[in-house]
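Okay, so here's the structure we're looking at.
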2 protein chains.
Amino acid sequence: MGRAFVRLKDIAEHTGFSVNTVSLALRDSPRIPQETRSAIQAAAQALNYLPNHIAQSLVSRETRTIGLVLTDLGNPTLTHVAQAIELRLAAKGYSTLFASSNNDRDAEAKAIEIFRSRQVDGMLIYSRGHRDLDHIRQLRRANYPLVLLVGDIDADIDVVCIDERAGAHKAVRHLIDLGHTSIGMLDGADRFGNAEKREGYLRALSEAGLTPAAIVDPGGFSSQHGYDAMSRLMAAPERVTAIFAVTDALALGALRWTQIKGLRVPQDVAIMGFDNIEFGQFAATPLSTINYEVEQVTTLAVDRLLVLIGSKDGLPPPIVTMIEPDLVVRESTEGRRG
Amino acid sequence: MGRAFVRLKDIAEHTGFSVNTVSLALRDSPRIPQETRSAIQAAAQALNYLPNHIAQSLVSRETRTIGLVLTDLGNPTLTHVAQAIELRLAAKGYSTLFASSNNDRDAEAKAIEIFRSRQVDGMLIYSRGHRDLDHIRQLRRANYPLVLLVGDIDADIDVVCIDERAGAHKAVRHLIDLGHTSIGMLDGADRFGNAEKREGYLRALSEAGLTPAAIVDPGGFSSQHGYDAMSRLMAAPERVTAIFAVTDALALGALRWTQIKGLRVPQDVAIMGFDNIEFGQFAATPLSTINYEVEQVTTLAVDRLLVLIGSKDGLPPPIVTMIEPDLVVRESTEGRRG
């Protein structure tokens, strides 16, 4: 996809003036003769140039502040990433402001708009819907520096993210390798149209000639949600011997449920999380999981954003970077398996 | 220098109407003929005028945005409070921006300055030092609406906070009531000069005629810190039979350590946290703790801040509200005690 918008450079080429002169003329600077200003402004209009006060503010005034939009402050992985990003940006001389959408689409749009109106130099965004990106794509097309922290290969926006599909595939492949054939899933992401982890789960099963034992939507991502969803998951007609939960918090709730019910983990049921939060490592039965590569995501996303911010003359074409996360094996899947 | 934003004046110049007419038209005032309103609104749109924030700030100087300064995004209690505050402020028509100091004094001052320069209507602040408040007191004296979420009775600033001293006293009193006389403490707060929890611990011991068995600084507040500090705490000359940790995350690390070492909780050692995070409830040995009264803190702090924001003729005298937190008893102190 090429860019559809007119840049200062295009107006410069069209009129024969320098980019600098064009920029000043479009801001109606008295440093440019009135006649030249009028000519350039007429050309801009003829070329359908959209006056972009954000781009103008970036040329004239940097705020050295970045906006980070999160979906859920209750998710330890996201706040861990937020902290790492804040520290890395601080080392580069930038301050970070955070906003949360609480997984609400309107709140997300509002948070982005607030950052834009407060003139942050750029944004890092966890969007609620990994493919519901039109409102963000619009900013990108207006030359606004931003990097998505979730997203799709077809985003047409810069993305640095964990390859959730590959991670989920790895998790379920691990359970299959341990001999499990009846694998259930706790999936809270489907409601938002985010199907990556489910796709990875289904692909791993399909490659092994298996079908899903049961898929339950816990209605959220917390331990309480995981705990409450377990009775439904374990009541499935096919007896589930292994569970893939889309977050560690869900998995820790599931773990507590098995304990209350007197089920042994992993002997009676193996439990696999996703994220590698610290509380999973310190659980009574340490949790097998997929490592959210916080350092890599942080480093690559911040560096990419700073490249975009440094691109004064229009943004370079978007790059999508998907990081394949590592499998972390602990006792909840094979530690004490006899 | 280019201007950052399109102003009412720009729309006035562009359309030929007065600033006053433009302002009224953008607020859709019936005092302006419908045709004129439509023309002005169309011009505003064409110029990428940002109606919400800028117009409001020009007319009333309100941005309907609040800044919340946190000390540590890795602390689940703080992010839980942040989420609750964000939701309550949203219900009141305010957006929330967050910043984190990472418990660094300079970063805290910088975060506050950034919020101030972005003209948030008010601030809620977790300061690193509960008594290191001069930089905040200065803002207060300049009539800036702000509420501290930690602090002291002598803050001379509005405060809404948990009474940490009373909470710690309650926690240690509970251990004493169970018969413990050798009670150790994991205290990561002393480095920042925040002595409330330690004072509560010492007072409860003193009232019972006891002395501290051991006090260890884990160097932070995470589970890893708690885990690593345990060998030092348990190596104290006096054999510790009960532990008061200043956060649940520390306590969960301590719990894991006892498990690895084959100690039974609470029979061999009782463990008491502080905060009541969800992961404590779902631990293998559910954690006794002090409940951080998130709802009360949120409600009272937000409501107080809105009172301050509404005080157009100077701020009313500061009010300090300390909420006494409840004891939550679970298995880690007396559940399976014989």
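Within each chain, counting starts at residue 1; across the structure tokens, chains are named A, B, ... in the order shown, with ligands numbered 1 upward in that order.
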
In stretch 69-191 of chain A, what's strand (DSSP E) per DSSP? Answer as number ranges by chain? A: 69-70, 95-100, 122-125, 146-148, 159-162, 183-186

Prev. selection, N, CA, C and O atoms, output as a JSON list (two decimals), in the first residue's frame:
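As written to disk, selection.json reads:
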[["chain", "number", "residue", "atom", "x", "y", "z"],
["A", 69, "VAL", "N", -1.22, 4.09, 25.01],
["A", 69, "VAL", "CA", -2.60, 3.69, 25.27],
["A", 69, "VAL", "C", -2.63, 2.21, 25.63],
["A", 69, "VAL", "O", -2.18, 1.37, 24.84],
["A", 70, "LEU", "N", -3.14, 1.90, 26.81],
["A", 70, "LEU", "CA", -3.26, 0.51, 27.27],
["A", 70, "LEU", "C", -4.72, 0.08, 27.22],
["A", 70, "LEU", "O", -5.63, 0.91, 27.25],
["A", 95, "SER", "N", 9.46, 11.70, 28.14],
["A", 95, "SER", "CA", 8.52, 11.34, 29.20],
["A", 95, "SER", "C", 7.36, 10.57, 28.59],
["A", 95, "SER", "O", 7.04, 10.74, 27.41],
["A", 96, "THR", "N", 6.74, 9.73, 29.41],
["A", 96, "THR", "CA", 5.62, 8.92, 28.93],
["A", 96, "THR", "C", 4.35, 9.25, 29.70],
["A", 96, "THR", "O", 4.37, 9.30, 30.92],
["A", 97, "LEU", "N", 3.30, 9.48, 28.97],
["A", 97, "LEU", "CA", 1.97, 9.58, 29.58],
["A", 97, "LEU", "C", 1.18, 8.34, 29.18],
["A", 97, "LEU", "O", 1.31, 7.86, 28.06],
["A", 98, "PHE", "N", 0.37, 7.83, 30.11],
["A", 98, "PHE", "CA", -0.41, 6.63, 29.86],
["A", 98, "PHE", "C", -1.90, 6.97, 29.87],
["A", 98, "PHE", "O", -2.33, 7.88, 30.57],
["A", 99, "ALA", "N", -2.65, 6.20, 29.10],
["A", 99, "ALA", "CA", -4.11, 6.27, 29.20],
["A", 99, "ALA", "C", -4.63, 4.85, 29.03],
["A", 99, "ALA", "O", -3.96, 4.01, 28.43],
["A", 100, "SER", "N", -5.79, 4.57, 29.58],
["A", 100, "SER", "CA", -6.36, 3.23, 29.48],
["A", 100, "SER", "C", -7.72, 3.29, 28.82],
["A", 100, "SER", "O", -8.53, 4.17, 29.10],
["A", 122, "GLY", "N", 4.52, 11.32, 19.76],
["A", 122, "GLY", "CA", 4.18, 10.06, 19.11],
["A", 122, "GLY", "C", 3.40, 9.20, 20.07],
["A", 122, "GLY", "O", 3.27, 9.54, 21.25],
["A", 123, "MET", "N", 2.85, 8.10, 19.56],
["A", 123, "MET", "CA", 2.04, 7.22, 20.41],
["A", 123, "MET", "C", 2.41, 5.76, 20.20],
["A", 123, "MET", "O", 2.77, 5.34, 19.10],
["A", 124, "LEU", "N", 2.27, 5.02, 21.30],
["A", 124, "LEU", "CA", 2.34, 3.56, 21.27],
["A", 124, "LEU", "C", 0.97, 3.08, 21.71],
["A", 124, "LEU", "O", 0.43, 3.57, 22.71],
["A", 125, "ILE", "N", 0.39, 2.16, 20.96],
["A", 125, "ILE", "CA", -1.01, 1.83, 21.20],
["A", 125, "ILE", "C", -1.27, 0.33, 21.28],
["A", 125, "ILE", "O", -0.92, -0.41, 20.36],
["A", 146, "LEU", "N", 3.29, 6.73, 15.07],
["A", 146, "LEU", "CA", 2.70, 5.81, 16.05],
["A", 146, "LEU", "C", 3.08, 4.38, 15.73],
["A", 146, "LEU", "O", 3.31, 4.01, 14.59],
["A", 147, "VAL", "N", 3.15, 3.59, 16.79],
["A", 147, "VAL", "CA", 3.47, 2.17, 16.67],
["A", 147, "VAL", "C", 2.43, 1.38, 17.46],
["A", 147, "VAL", "O", 2.19, 1.67, 18.64],
["A", 148, "LEU", "N", 1.82, 0.41, 16.81],
["A", 148, "LEU", "CA", 0.88, -0.49, 17.49],
["A", 148, "LEU", "C", 1.64, -1.59, 18.22],
["A", 148, "LEU", "O", 2.66, -2.07, 17.72],
["A", 159, "VAL", "N", 3.88, -1.86, 13.40],
["A", 159, "VAL", "CA", 3.49, -2.76, 14.48],
["A", 159, "VAL", "C", 4.74, -3.41, 15.06],
["A", 159, "VAL", "O", 5.62, -3.85, 14.31],
["A", 160, "VAL", "N", 4.84, -3.46, 16.38],
["A", 160, "VAL", "CA", 5.82, -4.33, 17.05],
["A", 160, "VAL", "C", 5.01, -5.12, 18.06],
["A", 160, "VAL", "O", 4.42, -4.53, 18.98],
["A", 161, "CYS", "N", 4.94, -6.42, 17.89],
["A", 161, "CYS", "CA", 4.11, -7.21, 18.80],
["A", 161, "CYS", "C", 4.59, -8.63, 18.93],
["A", 161, "CYS", "O", 5.41, -9.10, 18.16],
["A", 162, "ILE", "N", 4.07, -9.28, 19.95],
["A", 162, "ILE", "CA", 4.25, -10.72, 20.12],
["A", 162, "ILE", "C", 3.44, -11.44, 19.06],
["A", 162, "ILE", "O", 2.31, -11.04, 18.76],
["A", 183, "ILE", "N", -7.79, -31.32, 24.98],
["A", 183, "ILE", "CA", -7.25, -30.05, 25.44],
["A", 183, "ILE", "C", -8.31, -28.96, 25.36],
["A", 183, "ILE", "O", -8.84, -28.68, 24.28],
["A", 184, "GLY", "N", -8.63, -28.35, 26.49],
["A", 184, "GLY", "CA", -9.62, -27.27, 26.52],
["A", 184, "GLY", "C", -8.95, -25.91, 26.50],
["A", 184, "GLY", "O", -7.75, -25.78, 26.72],
["A", 185, "MET", "N", -9.76, -24.87, 26.22],
["A", 185, "MET", "CA", -9.22, -23.52, 26.13],
["A", 185, "MET", "C", -10.09, -22.54, 26.92],
["A", 185, "MET", "O", -11.31, -22.58, 26.85],
["A", 186, "LEU", "N", -9.42, -21.67, 27.69],
["A", 186, "LEU", "CA", -10.10, -20.53, 28.30],
["A", 186, "LEU", "C", -9.74, -19.30, 27.47],
["A", 186, "LEU", "O", -8.60, -18.84, 27.48]]

Each residue of chain A with at least one atom at most 9 Å from chain B should appear once, together with its nearest atom pair and the corresponding distance in Å (one decimal); atoms considered: only C-alpha atoms; ordering: chain, then increasing residue number; output as JSON lines.
{"residue": "A:Leu24", "atom": "CA", "partner": "B:Gly2", "partner_atom": "CA", "distance": 7.8}
{"residue": "A:Arg27", "atom": "CA", "partner": "B:Gly2", "partner_atom": "CA", "distance": 5.9}
{"residue": "A:Asp28", "atom": "CA", "partner": "B:Gly2", "partner_atom": "CA", "distance": 8.5}
{"residue": "A:Ser29", "atom": "CA", "partner": "B:Gly2", "partner_atom": "CA", "distance": 7.8}
{"residue": "A:Leu50", "atom": "CA", "partner": "B:Ala46", "partner_atom": "CA", "distance": 8.4}
{"residue": "A:Pro51", "atom": "CA", "partner": "B:Leu47", "partner_atom": "CA", "distance": 6.7}
{"residue": "A:Asn52", "atom": "CA", "partner": "B:Asn48", "partner_atom": "CA", "distance": 7.3}
{"residue": "A:His53", "atom": "CA", "partner": "B:Phe5", "partner_atom": "CA", "distance": 6.1}
{"residue": "A:Ile54", "atom": "CA", "partner": "B:Ala4", "partner_atom": "CA", "distance": 7.1}
{"residue": "A:Gln56", "atom": "CA", "partner": "B:Gly2", "partner_atom": "CA", "distance": 6.5}
{"residue": "A:Ser57", "atom": "CA", "partner": "B:Ala4", "partner_atom": "CA", "distance": 4.9}
{"residue": "A:Leu58", "atom": "CA", "partner": "B:Ala4", "partner_atom": "CA", "distance": 8.6}
{"residue": "A:Val59", "atom": "CA", "partner": "B:Gly2", "partner_atom": "CA", "distance": 8.1}
{"residue": "A:Ser60", "atom": "CA", "partner": "B:Gly2", "partner_atom": "CA", "distance": 5.7}
{"residue": "A:Arg61", "atom": "CA", "partner": "B:Ala4", "partner_atom": "CA", "distance": 8.0}
{"residue": "A:Thr65", "atom": "CA", "partner": "B:Ile114", "partner_atom": "CA", "distance": 8.6}
{"residue": "A:Asp72", "atom": "CA", "partner": "B:Gln83", "partner_atom": "CA", "distance": 7.9}
{"residue": "A:Leu73", "atom": "CA", "partner": "B:Thr79", "partner_atom": "CA", "distance": 5.7}
{"residue": "A:Gly74", "atom": "CA", "partner": "B:His80", "partner_atom": "CA", "distance": 6.0}
{"residue": "A:Asn75", "atom": "CA", "partner": "B:Pro76", "partner_atom": "CA", "distance": 8.6}
{"residue": "A:Pro76", "atom": "CA", "partner": "B:Pro76", "partner_atom": "CA", "distance": 7.2}
{"residue": "A:Thr79", "atom": "CA", "partner": "B:Leu73", "partner_atom": "CA", "distance": 5.7}
{"residue": "A:His80", "atom": "CA", "partner": "B:Gly74", "partner_atom": "CA", "distance": 6.0}
{"residue": "A:Ala82", "atom": "CA", "partner": "B:Leu73", "partner_atom": "CA", "distance": 7.4}
{"residue": "A:Gln83", "atom": "CA", "partner": "B:Leu73", "partner_atom": "CA", "distance": 5.9}
{"residue": "A:Glu86", "atom": "CA", "partner": "B:Ser100", "partner_atom": "CA", "distance": 7.9}
{"residue": "A:Leu87", "atom": "CA", "partner": "B:Asn102", "partner_atom": "CA", "distance": 8.4}
{"residue": "A:Ala90", "atom": "CA", "partner": "B:Ala107", "partner_atom": "CA", "distance": 9.0}
{"residue": "A:Ser95", "atom": "CA", "partner": "B:Ala111", "partner_atom": "CA", "distance": 7.7}
{"residue": "A:Thr96", "atom": "CA", "partner": "B:Ala99", "partner_atom": "CA", "distance": 6.6}
{"residue": "A:Leu97", "atom": "CA", "partner": "B:Ala99", "partner_atom": "CA", "distance": 5.1}
{"residue": "A:Phe98", "atom": "CA", "partner": "B:Phe98", "partner_atom": "CA", "distance": 4.6}
{"residue": "A:Ala99", "atom": "CA", "partner": "B:Leu97", "partner_atom": "CA", "distance": 5.2}
{"residue": "A:Ser100", "atom": "CA", "partner": "B:Glu86", "partner_atom": "CA", "distance": 7.9}
{"residue": "A:Asn102", "atom": "CA", "partner": "B:Gln83", "partner_atom": "CA", "distance": 8.0}
{"residue": "A:Ala107", "atom": "CA", "partner": "B:Ser95", "partner_atom": "CA", "distance": 8.9}
{"residue": "A:Lys110", "atom": "CA", "partner": "B:Ser95", "partner_atom": "CA", "distance": 8.4}
{"residue": "A:Ala111", "atom": "CA", "partner": "B:Ser95", "partner_atom": "CA", "distance": 7.7}
{"residue": "A:Ile114", "atom": "CA", "partner": "B:His53", "partner_atom": "CA", "distance": 7.8}
{"residue": "A:Ser117", "atom": "CA", "partner": "B:Leu50", "partner_atom": "CA", "distance": 7.2}
{"residue": "A:Arg118", "atom": "CA", "partner": "B:Arg118", "partner_atom": "CA", "distance": 6.6}
{"residue": "A:Gln119", "atom": "CA", "partner": "B:Ala4", "partner_atom": "CA", "distance": 8.1}
{"residue": "A:Ser222", "atom": "CA", "partner": "B:Glu278", "partner_atom": "CA", "distance": 8.3}
{"residue": "A:Ser223", "atom": "CA", "partner": "B:Glu278", "partner_atom": "CA", "distance": 7.1}
{"residue": "A:Gln224", "atom": "CA", "partner": "B:Glu278", "partner_atom": "CA", "distance": 7.7}
{"residue": "A:Tyr227", "atom": "CA", "partner": "B:Phe282", "partner_atom": "CA", "distance": 8.6}
{"residue": "A:Ala249", "atom": "CA", "partner": "B:Phe279", "partner_atom": "CA", "distance": 8.0}
{"residue": "A:Leu252", "atom": "CA", "partner": "B:Phe282", "partner_atom": "CA", "distance": 6.9}
{"residue": "A:Gly253", "atom": "CA", "partner": "B:Phe282", "partner_atom": "CA", "distance": 6.1}
{"residue": "A:Leu255", "atom": "CA", "partner": "B:Phe282", "partner_atom": "CA", "distance": 8.3}
{"residue": "A:Arg256", "atom": "CA", "partner": "B:Phe282", "partner_atom": "CA", "distance": 5.7}
{"residue": "A:Trp257", "atom": "CA", "partner": "B:Phe282", "partner_atom": "CA", "distance": 8.6}
{"residue": "A:Gln259", "atom": "CA", "partner": "B:Ala284", "partner_atom": "CA", "distance": 7.3}
{"residue": "A:Glu278", "atom": "CA", "partner": "B:Ser223", "partner_atom": "CA", "distance": 7.1}
{"residue": "A:Phe279", "atom": "CA", "partner": "B:Ser223", "partner_atom": "CA", "distance": 7.2}
{"residue": "A:Phe282", "atom": "CA", "partner": "B:Arg256", "partner_atom": "CA", "distance": 5.7}
{"residue": "A:Ala283", "atom": "CA", "partner": "B:Ala283", "partner_atom": "CA", "distance": 6.6}
{"residue": "A:Ala284", "atom": "CA", "partner": "B:Ala284", "partner_atom": "CA", "distance": 5.5}
{"residue": "A:Thr285", "atom": "CA", "partner": "B:Ala284", "partner_atom": "CA", "distance": 8.1}

DSSP-assigned helix (DSSP H, G or I) members of stretch 132-301 of chain A, reported as an MDAnalysis selection string: chainID A and resid 134:141 164:177 190:192 196:207 223:234 248:260 278:281 294:301

Counting only C-alpha atoms, what is within 8 Å of A:Asn276, bar same-chain residues fewer than 5 positions away, as a CSV table (one decimal) with N, CA and C atoms, in the first residue's frame?
chain,number,residue,atom,x,y,z
A,77,THR,N,0.9,-8.0,32.6
A,77,THR,CA,1.8,-8.0,31.5
A,77,THR,C,1.9,-6.6,30.9
A,248,ASP,N,-2.0,-15.7,32.0
A,248,ASP,CA,-1.5,-16.4,33.3
A,248,ASP,C,-2.5,-16.2,34.4
A,281,GLN,N,5.3,-17.7,38.2
A,281,GLN,CA,6.5,-18.3,38.6
A,281,GLN,C,6.5,-18.7,40.1
A,289,THR,N,4.1,-21.6,30.7
A,289,THR,CA,3.5,-20.4,30.0
A,289,THR,C,4.3,-20.1,28.7
A,290,ILE,N,3.8,-19.1,28.1
A,290,ILE,CA,4.5,-18.5,26.9
A,290,ILE,C,5.1,-17.1,27.4
A,291,ASN,N,6.3,-16.9,27.1
A,291,ASN,CA,7.0,-15.7,27.6
A,291,ASN,C,6.6,-14.5,26.7
A,292,TYR,N,5.9,-13.5,27.3
A,292,TYR,CA,5.7,-12.3,26.6
A,292,TYR,C,7.1,-11.6,26.6
A,328,VAL,N,7.9,-21.6,28.1
A,328,VAL,CA,8.5,-21.7,29.5
A,328,VAL,C,7.8,-22.9,30.2

Could you tell me which of A:Val320, A:Ser182, A:Arg191, A:Gln267 comes closest to A:Leu300 if we count only C-alpha atoms?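 For A:Leu300, the nearest of the candidates is A:Val320.
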
Neighbours of B:Gly151 within 12 Å (only C-alpha atoms; same-chain residues fewer than 4 positions away dropped), as an NGL selection string? :B and (125-133 or 136-137 or 147 or 155-165 or 193-196 or 319-323)

What's the separation between atom CA of B:Thr21 and atom CA of B:Gln45, in Å to one decimal place?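 Computed distance, atom CA of B:Thr21 to atom CA of B:Gln45, equals 16.1 Å.
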
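A straight line drawn from atom CA of A:Arg88 to atom CA of A:Asp303 is 9.4 Å long.
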
Find the residues near stretch 32-43 of chain A: any atom within 9 Å, counting only C-alpha atoms, skip ones fewer than 6 places away on the same chain, and give them as a PyMOL selection string. chain A and resi 11-12+14-15+17+21-22+24-26+49

If you count only C-alpha atoms, the residue of B:Ile85, B:Leu175, B:Ala189, B:Ala109 closest to B:Val240 turns out to be B:Leu175
